[in-house]
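J.: Got a structure for you, data_22.cif, holding mmCIF, C-alpha atoms.
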data_work
loop_
_atom_site.label_atom_id
_atom_site.label_comp_id
_atom_site.auth_asym_id
_atom_site.auth_seq_id
_atom_site.Cartn_x
_atom_site.Cartn_y
_atom_site.Cartn_z
CA MET A 265 134.86 63.35 166.52
CA GLU A 266 135.39 64.59 170.00
CA MET A 267 138.53 62.48 170.14
CA GLN A 268 139.90 64.28 167.09
CA ASN A 269 139.35 67.61 168.71
CA THR A 270 141.31 66.56 171.73
CA ASN A 271 144.20 65.50 169.54
CA ASN A 272 144.28 68.79 167.68
CA GLU A 273 144.20 70.66 170.90
CA ASN A 274 147.19 68.70 172.13
CA GLN A 275 149.15 69.34 169.00
CA ASN A 276 148.47 73.04 169.04
CA ASN A 277 149.52 73.29 172.60
CA GLN A 278 152.69 71.43 172.05
CA PRO A 279 155.48 73.92 172.53
CA ASP A 280 158.15 71.94 170.77
CA LYS A 281 156.59 70.55 167.65
CA ASP A 282 159.21 72.24 165.45
CA ARG A 283 162.08 70.57 167.16
CA GLY A 284 161.89 67.48 165.01
CA ILE A 285 161.61 63.89 165.97
CA LYS A 286 165.14 63.30 167.18
CA GLY A 287 164.39 64.36 170.68
CA GLN A 288 167.90 65.65 171.34
CA THR A 289 166.74 68.80 173.01
CA ALA A 290 167.71 68.08 176.57
CA GLY A 291 170.33 70.85 176.35
CA ALA A 292 167.85 73.47 175.16
CA ALA A 293 165.42 72.62 177.92
CA ALA A 294 168.22 72.85 180.48
CA ASN A 295 169.16 76.32 179.15
CA ILE A 296 165.63 77.52 179.58
CA LYS A 297 165.77 76.30 183.12
CA GLU A 298 169.20 77.88 183.80
CA LEU A 299 168.30 81.28 182.36
CA GLY A 300 165.04 81.48 184.17
CA THR A 301 162.94 81.89 181.06
CA PRO A 302 159.26 81.46 181.84
CA GLU A 303 157.95 77.92 181.74
CA VAL A 304 157.02 76.72 178.28
CA PRO A 305 153.28 76.17 177.97
CA VAL A 306 152.39 72.59 178.71
CA ALA A 307 149.55 70.77 177.01
CA LYS A 308 146.50 70.27 179.17
CA PRO A 309 146.50 66.86 180.82
CA ASN A 310 144.13 64.35 179.30
CA ASN A 311 141.10 63.48 181.39
CA ILE A 312 141.10 59.94 180.06
CA HIS A 313 144.06 57.76 180.80
CA CYS A 314 144.88 54.60 178.96
CA LEU A 315 146.42 51.47 180.43
CA THR A 316 147.69 48.81 178.07
CA ILE A 317 148.07 45.22 179.14
CA ILE A 318 150.34 43.70 176.50
CA GLY A 319 152.23 40.45 176.11
CA GLN A 320 152.75 38.38 179.22
CA ILE A 321 151.58 39.64 182.57
CA GLU A 322 154.69 39.37 184.68
CA GLY A 323 154.40 38.31 188.30
CA HIS A 324 156.86 37.80 191.11
CA MET A 325 159.43 36.28 188.81
CA VAL A 326 161.15 38.29 186.09
CA LEU A 327 160.59 36.56 182.78
CA PRO A 328 163.43 36.07 180.30
CA PRO A 329 163.84 38.97 177.87
CA GLN A 330 162.27 37.22 174.85
CA ASN A 331 158.91 37.78 176.56
CA LYS A 332 157.20 41.10 176.06
CA THR A 333 155.73 41.85 179.45
CA THR A 334 153.42 44.04 181.47
CA LYS A 335 154.81 44.42 184.96
CA TYR A 336 152.53 44.76 187.96
CA GLU A 337 154.95 47.08 189.74
CA HIS A 338 154.30 49.60 186.95
CA VAL A 339 150.59 49.09 186.73
CA LEU A 340 149.49 49.01 190.37
CA PRO A 341 150.88 52.45 191.33
CA GLN A 342 149.58 53.89 188.05
CA LEU A 343 146.09 52.70 188.93
CA ALA A 344 146.38 54.18 192.41
CA ALA A 345 147.56 57.46 190.88
CA ILE A 346 144.67 57.50 188.39
CA GLU A 347 142.17 56.88 191.17
CA GLN A 348 143.64 59.65 193.28
CA SER A 349 144.24 62.28 190.57
CA GLU A 350 141.78 65.14 190.27
CA ASP A 351 142.56 65.67 186.58
CA ILE A 352 141.64 62.17 185.48
CA ASP A 353 138.00 61.23 184.97
CA GLY A 354 138.20 57.78 183.46
CA LEU A 355 140.31 54.82 182.43
CA LEU A 356 140.49 53.01 179.12
CA LEU A 357 141.98 49.53 179.48
CA ILE A 358 143.41 48.09 176.28
CA LEU A 359 144.15 44.40 176.30
CA ASN A 360 146.26 42.39 173.94
CA THR A 361 147.64 39.73 176.21
CA VAL A 362 148.47 36.04 176.09
CA GLY A 363 147.87 35.74 179.83
CA GLY A 364 150.45 35.41 182.54
CA ASP A 365 150.86 35.27 186.28
CA VAL A 366 147.67 34.53 188.20
CA GLU A 367 148.51 36.65 191.24
CA ALA A 368 149.58 39.66 189.18
CA GLY A 369 146.60 39.39 186.83
CA LEU A 370 144.11 39.15 189.66
CA ALA A 371 145.84 41.98 191.55
CA ILE A 372 145.44 44.31 188.57
CA ALA A 373 141.86 43.14 187.98
CA GLU A 374 140.94 43.79 191.63
CA MET A 375 142.49 47.26 191.50
CA ILE A 376 140.47 48.16 188.39
CA SER A 377 137.20 46.69 189.65
CA THR A 378 137.43 48.63 192.91
CA MET A 379 138.21 51.97 191.28
CA SER A 380 135.60 54.67 191.79
CA LYS A 381 136.31 56.24 188.39
CA PRO A 382 134.54 54.91 185.29
CA SER A 383 136.51 52.34 183.32
CA VAL A 384 136.02 50.64 179.97
CA SER A 385 138.02 47.75 178.55
CA LEU A 386 138.72 46.95 174.94
CA VAL A 387 140.01 43.52 173.96
CA LEU A 388 142.04 43.69 170.76
CA GLY A 389 143.87 40.79 169.22
CA GLY A 390 143.74 38.57 172.26
CA GLY A 391 142.60 38.55 175.85
CA HIS A 392 143.57 35.03 176.82
CA SER A 393 143.72 33.07 180.06
CA ILE A 394 144.30 35.48 182.94
CA GLY A 395 143.40 38.27 180.50
CA VAL A 396 139.78 37.19 180.89
CA PRO A 397 139.30 38.43 184.48
CA LEU A 398 141.11 41.62 183.45
CA SER A 399 138.75 42.22 180.54
CA VAL A 400 135.68 41.92 182.77
CA SER A 401 137.09 43.99 185.65
CA THR A 402 135.98 47.32 184.15
CA ASP A 403 132.53 48.92 184.34
CA TYR A 404 131.89 48.13 180.69
CA SER A 405 133.72 45.94 178.19
CA PHE A 406 134.22 45.78 174.45
CA ILE A 407 135.80 43.21 172.21
CA ALA A 408 136.97 43.82 168.65
CA LYS A 409 135.25 41.71 166.00
CA THR A 410 138.46 39.82 165.26
CA ALA A 411 139.77 39.52 168.82
CA THR A 412 139.96 36.15 170.55
CA MET A 413 139.72 34.99 174.12
CA THR A 414 140.92 31.56 175.21
CA ILE A 415 139.07 30.19 178.21
CA HIS A 416 141.00 27.29 179.73
CA PRO A 417 141.86 25.99 183.18
CA ILE A 418 145.09 26.83 184.98
CA ARG A 419 147.92 24.34 185.13
CA MET A 420 151.42 24.13 186.47
CA SER A 421 154.57 23.02 184.74
CA GLY A 422 157.64 21.50 186.30
CA LEU A 423 157.80 19.22 189.31
CA VAL A 424 154.44 18.86 191.04
CA VAL A 425 153.77 16.71 194.10
CA GLY A 426 151.25 14.15 192.91
CA GLY A 427 148.94 14.10 195.91
CA PRO A 428 145.25 14.86 196.37
CA GLN A 429 146.25 18.15 198.00
CA THR A 430 147.71 19.33 194.70
CA TYR A 431 144.38 18.74 193.03
CA GLU A 432 142.59 20.57 195.83
CA TYR A 433 144.99 23.48 195.53
CA PHE A 434 144.41 23.71 191.80
CA ASN A 435 140.68 23.68 192.29
CA LYS A 436 140.98 26.54 194.76
CA MET A 437 143.17 28.58 192.44
CA GLN A 438 140.77 27.99 189.54
CA GLU A 439 137.85 29.01 191.77
CA ARG A 440 139.51 32.36 192.51
CA ILE A 441 139.63 33.16 188.82
CA SER A 442 136.21 31.73 187.96
CA ASN A 443 134.57 33.56 190.86
CA PHE A 444 136.04 36.87 189.79
CA ILE A 445 134.80 36.35 186.24
CA THR A 446 131.26 35.35 187.23
CA GLU A 447 131.02 38.22 189.71
CA HIS A 448 132.01 40.81 187.12
CA ALA A 449 130.48 39.42 183.93
CA ASP A 450 127.03 38.16 182.96
CA ILE A 451 128.17 34.57 182.52
CA THR A 452 126.92 31.84 184.86
CA LYS A 453 129.27 29.50 186.70
CA GLU A 454 127.82 26.54 184.82
CA ARG A 455 128.39 28.08 181.42
CA LEU A 456 131.92 29.18 182.36
CA ASN A 457 132.78 25.64 183.47
CA GLU A 458 131.41 24.27 180.21
CA LEU A 459 133.72 26.60 178.29
CA LEU A 460 136.68 25.83 180.59
CA TYR A 461 136.50 22.07 180.27
CA ASN A 462 135.35 21.79 176.67
CA THR A 463 137.32 19.07 174.89
CA GLY A 464 136.31 19.69 171.30
CA GLU A 465 138.03 23.01 170.60
CA LEU A 466 141.73 23.05 171.39
CA ALA A 467 144.19 20.54 169.95
CA ASN A 468 146.34 20.03 173.02
CA ASP A 469 144.24 21.47 175.81
CA VAL A 470 140.73 21.62 177.19
CA GLY A 471 138.97 24.92 176.84
CA THR A 472 137.29 27.18 174.31
CA VAL A 473 138.37 29.92 171.96
CA LEU A 474 135.82 32.72 171.69
CA ILE A 475 136.03 35.10 168.77
CA GLY A 476 134.54 38.61 168.96
CA GLU A 477 130.77 38.18 169.01
CA GLU A 478 130.99 34.78 170.75
CA ALA A 479 132.45 36.41 173.84
CA VAL A 480 129.38 38.67 173.91
CA THR A 481 126.79 35.92 173.37
CA ASN A 482 128.39 33.92 176.19
CA GLY A 483 128.00 36.89 178.52
CA LEU A 484 131.68 37.55 179.15
CA ILE A 485 131.98 40.85 177.28
CA LYS A 486 129.22 43.43 177.00
CA GLU A 487 129.54 44.54 173.38
CA VAL A 488 131.44 44.12 170.12
CA GLY A 489 133.16 47.36 169.24
CA GLY A 490 136.34 49.28 168.67
CA LEU A 491 138.11 52.40 169.82
CA ARG A 492 135.26 54.77 168.97
CA GLU A 493 132.64 52.74 170.82
CA ALA A 494 134.92 52.27 173.82
CA LEU A 495 135.74 55.98 174.12
CA ASP A 496 132.12 57.03 173.55
CA LYS A 497 130.99 54.67 176.29
CA LEU A 498 133.68 55.91 178.65
CA LYS A 499 132.69 59.53 178.05
CA GLU A 500 129.06 58.61 178.63
CA LEU A 501 129.95 56.93 181.94
CA ILE A 502 132.05 59.93 182.98
CA LYS A 503 129.17 62.26 182.18
CA ALA A 504 126.73 60.11 184.15
CA LYS A 505 129.13 60.02 187.09
CA LYS A 506 129.56 63.80 187.06
CA GLY A 507 125.79 64.23 186.89
CA GLU A 508 125.46 62.03 189.95
CA GLY A 509 127.85 64.21 191.92
CA ASN A 510 125.88 67.42 191.38
CA MET B 162 153.55 30.85 191.13
CA ILE B 163 151.13 29.82 188.42
CA LEU B 164 151.32 31.16 184.91
CA HIS B 165 147.90 31.13 183.27
CA THR B 166 148.75 31.69 179.66
CA ILE B 167 148.39 30.22 176.19
CA VAL B 168 152.13 30.43 175.59
CA ASP B 169 154.16 27.26 175.94
CA PRO B 170 156.14 27.33 179.22
CA GLU B 171 159.16 26.00 177.39
CA PHE B 172 159.18 29.14 175.28
CA ILE B 173 158.62 31.45 178.23
CA TRP B 174 161.52 30.07 180.20
CA SER B 175 163.94 29.35 177.38
CA ALA B 176 166.56 31.90 178.27
CA GLU B 177 168.06 32.75 174.94
CA PRO B 178 170.93 35.13 175.44
CA VAL B 179 169.55 38.48 174.38
CA ASP B 180 171.84 41.44 174.48
CA THR B 181 169.72 44.09 176.11
CA ASP B 182 170.72 46.89 178.36
CA THR B 183 167.32 48.35 179.09
CA LYS B 184 166.30 50.35 182.08
CA GLU B 185 163.46 52.52 183.20
CA ILE B 186 164.12 56.19 183.64
CA ASN B 187 162.11 59.30 184.31
CA TYR B 188 162.70 61.53 181.31
CA LYS B 189 161.05 64.97 181.48
CA GLY B 190 158.61 63.69 184.03
CA VAL B 191 157.60 60.68 181.96
CA GLN B 192 158.47 57.11 182.86
CA VAL B 193 160.10 55.51 179.82
CA GLU B 194 161.94 52.29 179.11
CA VAL B 195 165.23 52.99 177.35
CA ARG B 196 168.12 51.08 175.85
CA ARG B 197 171.65 52.41 176.21
CA ILE B 198 173.52 52.88 172.92
CA ASP B 199 176.37 55.10 174.00
CA GLU B 200 177.60 56.88 177.07
CA ASN B 201 174.68 59.06 178.21
CA LYS B 202 172.78 58.24 175.01
CA TYR B 203 169.69 56.13 175.09
CA VAL B 204 167.00 54.98 172.65
CA ILE B 205 163.43 55.05 173.86
CA ASP B 206 161.89 51.58 173.72
CA ARG B 207 158.49 52.36 175.15
CA ILE B 208 156.55 54.82 177.25
CA LEU B 209 155.27 53.43 180.53
CA SER B 210 152.91 56.29 181.35
CA THR B 211 149.13 56.12 181.04
CA GLU B 212 148.91 59.81 180.07
CA LEU B 213 147.83 59.79 176.42
CA LYS B 214 149.43 63.11 175.50
CA ASN B 215 152.86 61.61 176.13
CA TYR B 216 152.23 59.29 173.19
CA LEU B 217 151.82 62.30 170.89
CA ASP B 218 155.04 63.94 172.05
CA PRO B 219 157.54 63.76 169.15
CA GLU B 220 160.43 63.62 171.60
CA LEU B 221 159.14 60.53 173.29
CA GLN B 222 158.43 58.35 170.27
CA PRO B 223 159.95 54.87 170.43
CA GLY B 224 163.27 54.99 168.61
CA CYS B 225 164.06 58.58 169.60
CA ILE B 226 167.56 59.11 170.87
CA ILE B 227 167.77 61.01 174.11
CA GLU B 228 170.65 62.28 176.14
CA TYR B 229 170.40 61.38 179.74
CA THR B 230 172.77 61.36 182.65
CA LEU B 231 171.87 60.21 186.09
CA ARG B 232 173.41 63.36 187.57
CA SER B 233 171.71 66.06 185.47
CA GLN B 234 168.27 64.58 185.91
CA GLY B 235 168.71 64.10 189.62
#
What is this structure when it is put down as structure tokens?
T.:
Amino acid sequence: MEMQNTNNENQNNQPDKDRGIKGQTAGAAANIKELGTPEVPVAKPNNIHCLTIIGQIEGHMVLPPQNKTTKYEHVLPQLAAIEQSEDIDGLLLILNTVGGDVEAGLAIAEMISTMSKPSVSLVLGGGHSIGVPLSVSTDYSFIAKTATMTIHPIRMSGLVVGGPQTYEYFNKMQERISNFITEHADITKERLNELLYNTGELANDVGTVLIGEEAVTNGLIKEVGGLREALDKLKELIKAKKGEGN
Amino acid sequence: MILHTIVDPEFIWSAEPVDTDTKEINYKGVQVEVRRIDENKYVIDRILSTELKNYLDPELQPGCIIEYTLRSQG
């Protein structure tokens, strides 16, 4: 209900709601500027910001345009800005991702987990592969009833040098991800490895698909819920944090 | 670089020629991804900001046509 109020407030404050949806009002705005008319009232900034991680998480290489991507060069400065801004009290992280670059995914996850402001994640649709550390990086996490998470080990495609060092390197890279997950979620290393190397679930891969509640019973995600639960929790965390400060 | 994803690498890297002319601009203080359709005319593809009120702004809805020149916006 509180959410609805915020929306109404925004709409009422919107100075240009009669202008239609075309958005071709750049000229009018410029006139206002030129003629020195007082600034049009601006809607109050929201105290909750929302970061969406959608499609592929793009790393150091630009992916071809058929991939819908989340780019780390957008996300990292946004997170820094949210942390630094005085108007923002909390972050809602919405995930619907098929995974992506390990470095970029972990970079975003580390940024979120080291934020001082309360954060809540909501996994919708899918939070696969490198989306898993992202979903557990927040203070509290939710998964939609129908959302899925694929837990599977990393691999590399293309030409790989077939030496023992390659295996070692892969182990190390997998450890980075697994350690982050076990540090930020209630799942044990043993259980996570069981899920990672399970052979009975995926047709052409080892791993496990967790659906909604299963992610919670395995200790990855805290609760099954949706937008309302996620926002309520975030507001509760913000309130608790403000209480702490006084 | 390791991609940890459920999508087939062959699909990710198959570079089908897609005719896109997208770029990121700062329109009225909001970072948006736009596609050029005409000289100085762009269609908004998506908003890149985390500020939720931008998503309620009728002028910034995906599909809106905006006029934008590099000069006038500085």
J.: Write out as JSON, numbers by chain each polymer residue whose atoms come within 12 Å of A:Asp469, counting all atoms listed in the file; drop sequence neighbours fewer than 2 positions from it.
T.: {"A": [414, 415, 416, 417, 418, 419, 459, 460, 461, 462, 463, 464, 465, 466, 467, 471, 472, 473], "B": [166, 167, 168, 169]}
J.: Rank A:Phe434, A:Gly427, A:Ile445, A:Met413 by their smallest atom-to-atom distance to A:Glu478, using all atoms listed in the file, and report the top residue only.
T.: A:Met413
J.: Near chain A, meaning an atom within 6 Å, which residues of chain B appear when counting all atoms listed in the file? Write them as a list of chain:residue names.
T.: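 In the required form, that comes to B:Ile163, B:Leu164, B:His165, B:Thr166, B:Ile167, B:Ala176, B:Thr211, B:Glu212, B:Pro219, B:Glu220, B:Cys225, B:Ile227.
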J.: Hey, can you check how far atom CA of B:Val195 sits from atom CA of A:Tyr336?
T.: 18.5 Å
J.: Have a look at A:Lys453, A:Ala504, A:His448, A:Glu477 and name the one nearest to A:Val387; count only C-alpha atoms.
T.: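 Counting only C-alpha atoms, the residue closest to A:Val387 is A:Glu477.
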J.: Around (158.4, 53.5, 183.3), as given in the file, which residues come within 12 Å? Count only C-alpha atoms and list them as a list in words.
T.: Thr334, Lys335, Tyr336, Glu337, His338, Val339, Pro341 and Gln342 of chain A; Thr183, Lys184, Glu185, Ile186, Asn187, Tyr188, Lys189, Gly190, Val191, Gln192, Val193, Glu194, Val195, Ile205, Asp206, Arg207, Ile208, Leu209, Ser210, Thr211 and Glu212 of chain B
J.: Enclose stretch 194-201 of chain B, meaning all of its atoms listed in the file, in a box aligned along x, y and z, pad it by 6 Å on each side, and list the centre and edge lengths in Å to one decimal, as AutoDock Vina command-line options.
T.:
--center_x 169.8 --center_y 55.1 --center_z 176.0 --size_x 27.7 --size_y 20.0 --size_z 18.2
J.: Which residues come within 10 Å of A:Thr452, counting only C-alpha atoms, excluding same-chain residues fewer than 3 positions away, as a list in words?
T.: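 So the residues in contact are Ser442, Asn443, Ile445, Thr446, Glu447, Ala449, Arg455, Leu456, Asn457, Glu458, Asn482, Gly483 and Leu484 of chain A.
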J.: Step by step, work through what the PyMOL selection byres ((chain A and resi 488) around 7) selects in the shown file, and finish by giving those residues as a list in words.
T.: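 Matching residues under the PyMOL selection byres ((chain A and resi 488) around 7) are Phe406, Ile407, Ala408, Lys409, Gly476, Glu477, Val480, Glu487 and Gly489 of chain A.
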J.: One decimal, Å: what's the distance from atom CA of B:Glu171 over to atom CA of A:Val424, could you say?
T.: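 So the two atoms, atom CA of B:Glu171 and atom CA of A:Val424, lie 16.1 Å apart.
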J.: I'd like the residues picked by the PyMOL selection byres ((chain A and resi 380) around 12) written out as a list in words, using the chain letters and numbers from the file.
T.: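 When the PyMOL selection byres ((chain A and resi 380) around 12) is applied, the selected residues are Leu343, Ala344, Ile346, Glu347, Gln348, Ser349, Ile352, Asp353, Gly354, Leu355, Met375, Ile376, Ser377, Thr378, Met379, Lys381, Pro382, Ser383, Thr402, Asp403, Leu501, Ile502, Lys505 and Lys506 of chain A.
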J.: Can you spell out as a count of residues only the set of residues that the PyMOL selection byres ((chain B and resi 197) around 10) selects in the structure I just provided?
T.: 18
